[in-house]
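A.B. asks: This is the structure I want to talk about, given as structure tokens.
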There are 2 protein chains.
Amino acid sequence: MTSTRCAVCKYFRRRCPPECIFAPYFPADNPQKFAYVHRFYGASNISKMLEELPVHLRANAIESLCYEAKCRMQDPVYGCVRIISSLHQELHIAQSQLAKTQAEIALLNACVGVVEPTPSSSESLVQQNGIDHGLDNASEFWFY
Amino acid sequence: MTSTRCAVCKYFRRRCPPECIFAPYFPADNPQKFAYVHRFYGASNISKMLEELPVHLRANAIESLCYEAKCRMQDPVYGCVRIISSLHQELHIAQSQLAKTQAEIALLNACVGVVEPTPSSSESLVQQNGIDHGLDNASEFWFY
């Protein structure tokens with residue numbers, strides 16, 4: 001039954017059991033997907049990670065692991081941490097520029113005799129968008 | 001010579017050789033650091049990754065792996081990909097709000113008789129900040 005083996009069982013040249021934990025996420029026609037994650041995590045660790053998750057969350061876990069593995073292939077030193085660092089910088093620039101334009105609006109409002117800023121510019125980005133990405137400690141090491 | 005073993009050799013209860021590849025990055029007094037990366041990558045894969053890098057880049061590679069491993073501990077489904085997704089959303093909000101405030105400035109400038117926007121608001125964020133984080137494909141799966 002060689003043709004029905006998943007990419008993982010095919011890689012290890014073993015029989016693919018009916019309840020193979022890898023089969024739903026690593027189809028035989030995409031061996032590269034397994035090659036990426038196997039290179040960095042190893043099949044045994046991936047299996048352990050899957051076993052610790054409920055079935056409905058496993059596909060997303062595999063996709064995120066594949067994404068991280070691809071990043072590590074492209075950037076063996078920083079992996080996807082470089083993307084996090086870039087996005088932090090980009091966000092920092094956007095927020096600084098937003099603060100600058102908000103100050104400009106306040107000045108222009110004063111010129112046209114409107115003391116209060118308009119609603120869309122009066123709320124700060126921090127107030128409007130308080131997403132917590134838990135990077136406080138990481139930023140000490142990686143960002144800025 | 002038990003007291004001079006690195007955290008990895010201590011974990012595997014083996015002698016720490018003078019040129020141990022792990023020793024500079026996993027001191028014995030911080031066994032947790034190795035525990036994080038060992039859980040997801042395994043010592044063998046970490047060793048392979050280190051061997052493929054020049055010595056001066058290895059410390060940064062280990063720090064980024066530790067960071068990814070900590071994220072995976074906290075979020076076993078998405079790991080640090082969740083942070084990338086959050087930062088993308090945050091950046092999208094900031095850029096939208098910036099575009100809105102720039103439009104406001106244009107309107108106010110027209111009111112006070114200044115047709116051209118001021119230099120700080122006339123350049124778009126995209127023009128000023130073209131950091132390429134190679135997320136085009138990833139965003140199809142993970143963002144928005």
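If you're wondering about the labels, chains in the structure tokens are A, B, ... by order shown, residues count from 1 in each chain, ligands from 1 in order shown.
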For Lys70 in chain B, list every protein, DNA or RNA residue within 12 Å, evaluated using only C-alpha atoms, and leave out those in the same chain fewer than 6 positions away; present the list as number ranges by chain.

C.D. replies: A: 134-135, 137-138; B: 32-41, 63-64, 76, 78-80

A.B. asks: Give me the residues near Ala23 in chain A as a count of residues only, where near means some atom within 9 Å (using only C-alpha atoms) and where sequence neighbours in that chain fewer than 4 positions away do not count.

C.D. replies: 11

A.B. asks: Determine the nearest neighbour of chain A from the options B:Leu50, B:Val77, B:Cys66, B:Ile21, counting only C-alpha atoms.

C.D. replies: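 Once distances to chain A are computed over only C-alpha atoms, the minimum belongs to B:Val77.
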
A.B. asks: Skipping near chain neighbours, those fewer than 3 positions away, what residues fall within 7 Å of range 90-99 of chain B using only C-alpha atoms, listed as an MDAnalysis selection string?

C.D. replies: (chainID A and resid 91 94:95 98 125 129) or (chainID B and resid 86:87 102:103)

A.B. asks: Need to verify the contact set: Cys111 in chain B, 10 Å, only C-alpha atoms, exclusion of same-chain residues closer than 4 positions in sequence. Can you return it as a list in words?

C.D. replies: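 Here the answer would be Leu108, Asn109, Cys111 and Val112 of chain A; Ile105, Ala106, Leu107 and Val115 of chain B.
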
A.B. asks: Residues as selected, all heavy atoms, written as an mmCIF file, in the first residue's frame, can you do that?

C.D. replies:
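Final output, out-v3.cif:
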data_model
loop_
_atom_site.group_PDB
_atom_site.id
_atom_site.type_symbol
_atom_site.label_atom_id
_atom_site.label_comp_id
_atom_site.auth_asym_id
_atom_site.auth_seq_id
_atom_site.Cartn_x
_atom_site.Cartn_y
_atom_site.Cartn_z
ATOM 1 N N LEU A 108 -3.187 73.194 13.016
ATOM 2 C CA LEU A 108 -4.050 73.704 11.941
ATOM 3 C C LEU A 108 -5.446 73.995 12.454
ATOM 4 O O LEU A 108 -6.077 74.979 12.050
ATOM 5 C CB LEU A 108 -4.099 72.685 10.791
ATOM 6 C CG LEU A 108 -2.832 72.614 9.941
ATOM 7 C CD1 LEU A 108 -2.837 71.371 9.064
ATOM 8 C CD2 LEU A 108 -2.704 73.862 9.063
ATOM 9 N N ASN A 109 -5.938 73.156 13.378
ATOM 10 C CA ASN A 109 -7.252 73.401 13.982
ATOM 11 C C ASN A 109 -7.246 74.731 14.714
ATOM 12 O O ASN A 109 -8.212 75.487 14.644
ATOM 13 C CB ASN A 109 -7.616 72.264 14.946
ATOM 14 C CG ASN A 109 -8.314 71.121 14.230
ATOM 15 O OD1 ASN A 109 -9.017 71.331 13.244
ATOM 16 N ND2 ASN A 109 -8.116 69.912 14.713
ATOM 17 N N CYS A 111 -5.398 77.235 13.951
ATOM 18 C CA CYS A 111 -5.362 78.283 12.918
ATOM 19 C C CYS A 111 -6.752 78.584 12.360
ATOM 20 O O CYS A 111 -7.087 79.725 12.080
ATOM 21 C CB CYS A 111 -4.458 77.868 11.761
ATOM 22 S SG CYS A 111 -2.724 77.942 12.184
ATOM 23 N N VAL A 112 -7.548 77.517 12.181
ATOM 24 C CA VAL A 112 -8.885 77.749 11.616
ATOM 25 C C VAL A 112 -9.920 78.016 12.713
ATOM 26 O O VAL A 112 -11.108 78.042 12.462
ATOM 27 C CB VAL A 112 -9.351 76.585 10.700
ATOM 28 C CG1 VAL A 112 -8.467 76.481 9.481
ATOM 29 C CG2 VAL A 112 -9.423 75.274 11.452
ATOM 30 N N ILE B 105 -5.431 66.672 7.291
ATOM 31 C CA ILE B 105 -4.486 67.784 7.149
ATOM 32 C C ILE B 105 -4.678 68.485 5.804
ATOM 33 O O ILE B 105 -4.679 69.715 5.724
ATOM 34 C CB ILE B 105 -3.029 67.287 7.320
ATOM 35 C CG1 ILE B 105 -2.755 67.052 8.810
ATOM 36 C CG2 ILE B 105 -2.025 68.295 6.767
ATOM 37 C CD1 ILE B 105 -1.379 66.517 9.115
ATOM 38 N N ALA B 106 -4.868 67.702 4.763
ATOM 39 C CA ALA B 106 -5.069 68.280 3.439
ATOM 40 C C ALA B 106 -6.302 69.195 3.446
ATOM 41 O O ALA B 106 -6.293 70.299 2.893
ATOM 42 C CB ALA B 106 -5.225 67.175 2.405
ATOM 43 N N LEU B 107 -7.354 68.712 4.120
ATOM 44 C CA LEU B 107 -8.595 69.477 4.211
ATOM 45 C C LEU B 107 -8.384 70.768 5.008
ATOM 46 O O LEU B 107 -8.804 71.853 4.589
ATOM 47 C CB LEU B 107 -9.666 68.606 4.886
ATOM 48 C CG LEU B 107 -11.114 69.073 4.794
ATOM 49 C CD1 LEU B 107 -11.616 68.970 3.358
ATOM 50 C CD2 LEU B 107 -12.006 68.214 5.701
ATOM 51 N N VAL B 115 -2.559 75.118 0.106
ATOM 52 C CA VAL B 115 -3.007 73.994 -0.723
ATOM 53 C C VAL B 115 -2.096 72.778 -0.539
ATOM 54 O O VAL B 115 -2.542 71.659 -0.347
ATOM 55 C CB VAL B 115 -3.072 74.407 -2.211
ATOM 56 C CG1 VAL B 115 -3.489 73.225 -3.083
ATOM 57 C CG2 VAL B 115 -4.040 75.560 -2.370
#

A.B. asks: Using only C-alpha atoms, pick whichever of B:Ser85, B:Asn45, B:Asn30, B:Thr4 has the shortest atom-to-atom distance to chain A.

C.D. replies: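 Closest candidate: B:Asn45.
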
A.B. asks: Determine which residues of range 13-95 of chain A receive a DSSP assignment of alpha helix (DSSP H), computed from the backbone, and state them as a PyMOL selection string.

C.D. replies: chain A and resi 31-40+43-51+55-74+81-95

A.B. asks: With distances taken over only C-alpha atoms, which residue among A:Ala110, A:Asn60, A:Ala43, A:Ala69 lies nearest chain B?

C.D. replies: A:Asn60

A.B. asks: What is the CA of Pro31 in chain B-CA of Glu52 in chain B distance in Å, reported with one decimal?

C.D. replies: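 Separation of CA of Pro31 in chain B and CA of Glu52 in chain B: 23.8 Å.
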